[in-house]
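First the structure, in the form of structure tokens, and then the observations on it.
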Amino acid sequence: MILPDASIGVLGGGQLGRMFTMAARTMGYRVLVLDPDPHSPAGGMADQHIQSDYTDHASLDLLGDACSAVTTEFENVPAMSLTHLSNHCPVRPHPEAIAITQDRIREKTFLQENHLPTASFQPVLGLDDLESAAEKLCFPAILKTAALGYDGKGQVAVADLDAAIAGYRSLGELPCIIEQKVSLALELSVILARSITGRIAVYPPAENIHVGGILDYSIVPARVSAAIAGTVTEMACEIADRMDYCGVLATEFFLTTDGDILINELAPRPHNSGHYTVDACLTSQFEQQVRTLCGLPPGDTELLSPVVMVNLLGDLWQKGAPPWEQVFRHPRTLLHLYGKRHARPGRKMGHYNCLSDDLEGALEMAKTIRTSLEPADLVTQA
Ligand SMILES: Nc1ncnc2c1ncn2[C@@H]1O[C@H](COP(=O)(O)OP(=O)(O)O)[C@@H](O)[C@H]1O
Ligand SMILES: [Mg+2]
């Protein structure tokens with residue numbers, strides 16, 4: 001076990017790295033963050049910010065030598081960097097698991113090989129593949145780049161083969177998957193922590209509402225039957241077991257209008273839809289990341305209150321900082337801002353968690369606050 005006062009590291013200094021750093025420091029660990037951005041959200045919270053590119057060997061050596069273990073806040077770290085680091089100290093989750101989740105072709109193939117349900121898909125490595133895929137899939141479909149996509153980026157919806165060809169070109173002819181567009185009833189996510197000895201602690205499924213490919217808000221517990229909650233929970237645990245995973249794992253699910261449960265994608269780290277755990281659960285997803293990284297058993301995931309988490313995107317900053325007093329008026333809503341200097345449309349700037357004795361109350365509070373944060377003239381126009 002790696003115990004407090006030891007130094008631990010994280011690759012990436014965004015909001016996930018920042019909340020990891022805060023959890024780790026609260027528990028008494030020293031934290032090193034490696035991120036190229038001099039103003040990264042996590043850098044200022046860390047004991048040491050190594051400002052460097054993710055592929056810089058000298059910086060990776062520095063991090064690996066100073067730390068008892070290293071984790072990552074995002075899946076797009078070059079595999080080479082993780083392998084390089086693992087010559088110095090344990091890297092958790094292990095690089096093979098991260099490699100699966102950083103490439104949609106590998107990820108979906110892994111799920112398929114393990115008989116776990118996904119939307120029908122075909123890998124696309126060239127224009128020829130698109131034509132043969134079109135014979136096997138029904139349109140409409142979605143073309144997604146295999147690597148580096150997030151928040152709906154690197155995706156195009158396509159209605160037929162011609163649109164798919166145009167879409168593939170617009171994505172730079174990069175390796176892609178083309179997958180069936182499914183009719184969504186609901187989206188869910190399950191976040192779990194799996195220890196180095198294989199002990200799993202799972203959070204209750206979150207119900208996620210996306211707008212324009214970006215998570216807008218999450219409702220917990222999800223408004224689904226116990227049977228559905230049980231099935232998605234079992235699937236998430238099975239994935240973690242099959243990968244002999246160590247760390248926090250998020251699994252996104254689609255519930256279709258036909259009643260099918262499909263796995264959408266995996267994230268080898270804490271997840272935006274798990275931010276509710278910080279205020280509404282006994283142990284947060286970030287403390288779980290610290291615990292699993294340090295070889296400790298996972299903490300209790302009990303949900304202490306119904307909760308709605310609302311993302312704050314840069315769009316809200318059009319007229320300057322939103323009127324935060326509208327959030328602070330509510331004693332059971334907790335504001336989290338990531339300390340980003342520049343707000344851009346679609347950029348995740350923060351979130352708030354609304355707690356209430358019942359979900360209806362939490363949802364109403366979430367909506368009232370959101371409206372009160374909209375830039376003034378937009379509200380008047382509405
Ligand atoms: N096959 C699909 N059918 C219907 N909706 C989809 C499909 N794939 C993605 N979406 C929608 O787009 C969102 C983002 O897609 P996702 O594959 O999760 O990419 P990202 O990595 O950007 O989160 C999903 O949460 C869902 O709302
Ligand atoms: Mg997603």
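Residues are referred to by chain and number: the chain letter is A, B, ... according to the order shown in the structure tokens, the number counts from 1 in that chain, and ligands are numbered separately from 1 in the order shown.
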All strand (DSSP E) positions in stretch 148-267 of chain A, as a PDB file with C-alpha atoms, in the first residue's frame:
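Writing the result to part_34.pdb gives the following:
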ATOM      1  CA  GLN A 155     -18.412  12.606 -35.173  1.00  0.00           C
ATOM      2  CA  VAL A 156     -20.806  13.097 -38.064  1.00  0.00           C
ATOM      3  CA  ALA A 157     -24.304  11.767 -38.496  1.00  0.00           C
ATOM      4  CA  VAL A 158     -24.752  10.300 -41.967  1.00  0.00           C
ATOM      5  CA  CYS A 176     -13.090   5.575 -37.871  1.00  0.00           C
ATOM      6  CA  ILE A 177     -15.972   3.408 -36.883  1.00  0.00           C
ATOM      7  CA  ILE A 178     -19.334   3.699 -38.493  1.00  0.00           C
ATOM      8  CA  GLU A 179     -22.119   2.696 -36.189  1.00  0.00           C
ATOM      9  CA  GLN A 180     -25.831   2.396 -36.377  1.00  0.00           C
ATOM     10  CA  LEU A 184     -32.458   6.472 -27.624  1.00  0.00           C
ATOM     11  CA  ALA A 185     -34.913   6.202 -24.753  1.00  0.00           C
ATOM     12  CA  LEU A 186     -32.293   7.094 -22.160  1.00  0.00           C
ATOM     13  CA  GLU A 187     -28.547   7.265 -21.574  1.00  0.00           C
ATOM     14  CA  LEU A 188     -26.985   5.848 -18.424  1.00  0.00           C
ATOM     15  CA  SER A 189     -23.507   5.579 -16.980  1.00  0.00           C
ATOM     16  CA  VAL A 190     -22.054   3.340 -14.316  1.00  0.00           C
ATOM     17  CA  ILE A 191     -18.924   4.328 -12.462  1.00  0.00           C
ATOM     18  CA  LEU A 192     -16.999   1.828 -10.409  1.00  0.00           C
ATOM     19  CA  ALA A 193     -13.704   1.505  -8.598  1.00  0.00           C
ATOM     20  CA  ARG A 194     -11.770  -1.758  -8.804  1.00  0.00           C
ATOM     21  CA  ILE A 200     -15.218  -3.590  -6.821  1.00  0.00           C
ATOM     22  CA  ALA A 201     -17.326  -0.747  -5.429  1.00  0.00           C
ATOM     23  CA  VAL A 202     -20.044   0.528  -7.792  1.00  0.00           C
ATOM     24  CA  ALA A 206     -26.627   7.988 -13.457  1.00  0.00           C
ATOM     25  CA  GLU A 207     -29.189   9.104 -16.045  1.00  0.00           C
ATOM     26  CA  ASN A 208     -27.445  11.456 -18.452  1.00  0.00           C
ATOM     27  CA  ILE A 209     -28.958  14.122 -20.665  1.00  0.00           C
ATOM     28  CA  HIS A 210     -26.714  15.244 -23.538  1.00  0.00           C
ATOM     29  CA  VAL A 211     -27.202  18.332 -25.641  1.00  0.00           C
ATOM     30  CA  ILE A 214     -22.015  17.187 -24.542  1.00  0.00           C
ATOM     31  CA  LEU A 215     -23.287  16.102 -21.146  1.00  0.00           C
ATOM     32  CA  ASP A 216     -25.799  18.690 -19.939  1.00  0.00           C
ATOM     33  CA  TYR A 217     -26.969  17.183 -16.666  1.00  0.00           C
ATOM     34  CA  SER A 218     -27.056  13.927 -14.727  1.00  0.00           C
ATOM     35  CA  ILE A 219     -29.856  12.610 -12.529  1.00  0.00           C
ATOM     36  CA  VAL A 220     -29.044  10.146  -9.744  1.00  0.00           C
ATOM     37  CA  GLY A 247      -8.783   2.215 -11.029  1.00  0.00           C
ATOM     38  CA  VAL A 248     -11.991   4.107 -11.676  1.00  0.00           C
ATOM     39  CA  LEU A 249     -13.894   2.976 -14.764  1.00  0.00           C
ATOM     40  CA  ALA A 250     -16.897   4.692 -16.340  1.00  0.00           C
ATOM     41  CA  THR A 251     -19.170   2.812 -18.732  1.00  0.00           C
ATOM     42  CA  GLU A 252     -21.737   4.685 -20.835  1.00  0.00           C
ATOM     43  CA  PHE A 253     -24.913   2.883 -21.882  1.00  0.00           C
ATOM     44  CA  PHE A 254     -27.735   3.462 -24.345  1.00  0.00           C
ATOM     45  CA  LEU A 255     -31.247   2.304 -23.530  1.00  0.00           C
ATOM     46  CA  THR A 256     -33.078   2.082 -26.826  1.00  0.00           C
ATOM     47  CA  ILE A 261     -29.330  -2.117 -23.400  1.00  0.00           C
ATOM     48  CA  LEU A 262     -26.188  -1.272 -25.382  1.00  0.00           C
ATOM     49  CA  ILE A 263     -22.733  -0.263 -24.224  1.00  0.00           C
ATOM     50  CA  ASN A 264     -21.672   3.015 -25.829  1.00  0.00           C
ATOM     51  CA  GLU A 265     -18.154   3.655 -24.579  1.00  0.00           C
ATOM     52  CA  LEU A 266     -15.697   3.334 -21.709  1.00  0.00           C
ATOM     53  CA  ALA A 267     -13.564   5.900 -19.904  1.00  0.00           C
TER      54      ALA A 267
END
Need to verify the contact set: A:Arg332, 10 Å, only C-alpha atoms, exclusion of same-chain residues closer than 4 positions in sequence. Can you return it as a count of residues only?
10
Mind checking which residues fall within 12 Å of A:Met349, counting only C-alpha atoms, ignoring those fewer than 6 positions away in the same chain, and posting them as a PyMOL selection string?
chain A and resi 14-16+41+272+310-317+321-322+335-343
Which residues come within 9 Å of stretch 18-29 of chain A, counting only C-alpha atoms, excluding same-chain residues fewer than 6 positions away, as an MDAnalysis selection string?
chainID A and resid 3:10 12 40:47 73 270 284:287 289:291 338
Ligand 1 proximity check over A:Arg169, A:His330, A:Lys108, A:His115, using only C-alpha atoms and all ligand atoms: winner is A:Lys108
Counting only C-alpha atoms, which residue out of A:Asp160, A:Asp35, A:Asp129, A:Glu234 sits closest to A:Phe74?
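Comparing A:Asp160, A:Asp35, A:Asp129, A:Glu234 against A:Phe74, the winner is A:Asp35.
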Could you work out how far atom CA of A:Ser59 lies from atom CA of A:Val77, giving the answer in Å with one decimal?
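According to the coordinates, atom CA of A:Val77 and atom CA of A:Ser59 are separated by 14.1 Å.
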Nearest residue to ligand 2 from the set A:Ser86, A:Ser183, A:Thr118, A:Ser273 (distances using only C-alpha atoms and all ligand atoms)
A:Ser273
For A:Asp244, which residue among A:Pro95, A:Leu282, A:Ile142, A:Gly126 is the nearest when counting only C-alpha atoms?
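Checking each of A:Pro95, A:Leu282, A:Ile142, A:Gly126 against A:Asp244, counting only C-alpha atoms, the winner is A:Pro95.
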I'd like the interatomic distance between atom CA of A:Asp241 and atom 5 (N, counted along the ligand's line) of ligand 1, to a tenth of an Å.
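Pair atom CA of A:Asp241 / atom 5 (N, counted along the ligand's line) of ligand 1 returns 26.8 Å.
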When distances are computed from only C-alpha atoms and all ligand atoms, which of A:Leu148, A:Met243, A:Cys67, A:Leu125 shows the smallest separation from ligand 2?
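The shortest atom-to-atom distance to ligand 2 comes from A:Leu148.
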Closest to A:Glu75 among A:Ala134, A:Ala236, A:Ala376, A:Ala99, using only C-alpha atoms?
A:Ala99
So that I can check the surroundings of A:Tyr168, please list as a ChimeraX atom specification every protein, DNA and RNA residue that reaches within 9 Å of it, counting only C-alpha atoms and ignoring chain neighbours fewer than 2 positions away.
/A:124,126-127,130,143-145,156,163-166,170-174,176
Atomic distance atom CA of A:Ser68 - atom CA of A:His271, expressed in Å with one decimal
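Between these atoms lies a distance of 23.9 Å.
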DSSP helix (DSSP H, G or I) residues within stretch 32-145 of chain A, listed as a PyMOL selection string
chain A and resi 43-45+57-66+79-86+95-101+104-113+127-136
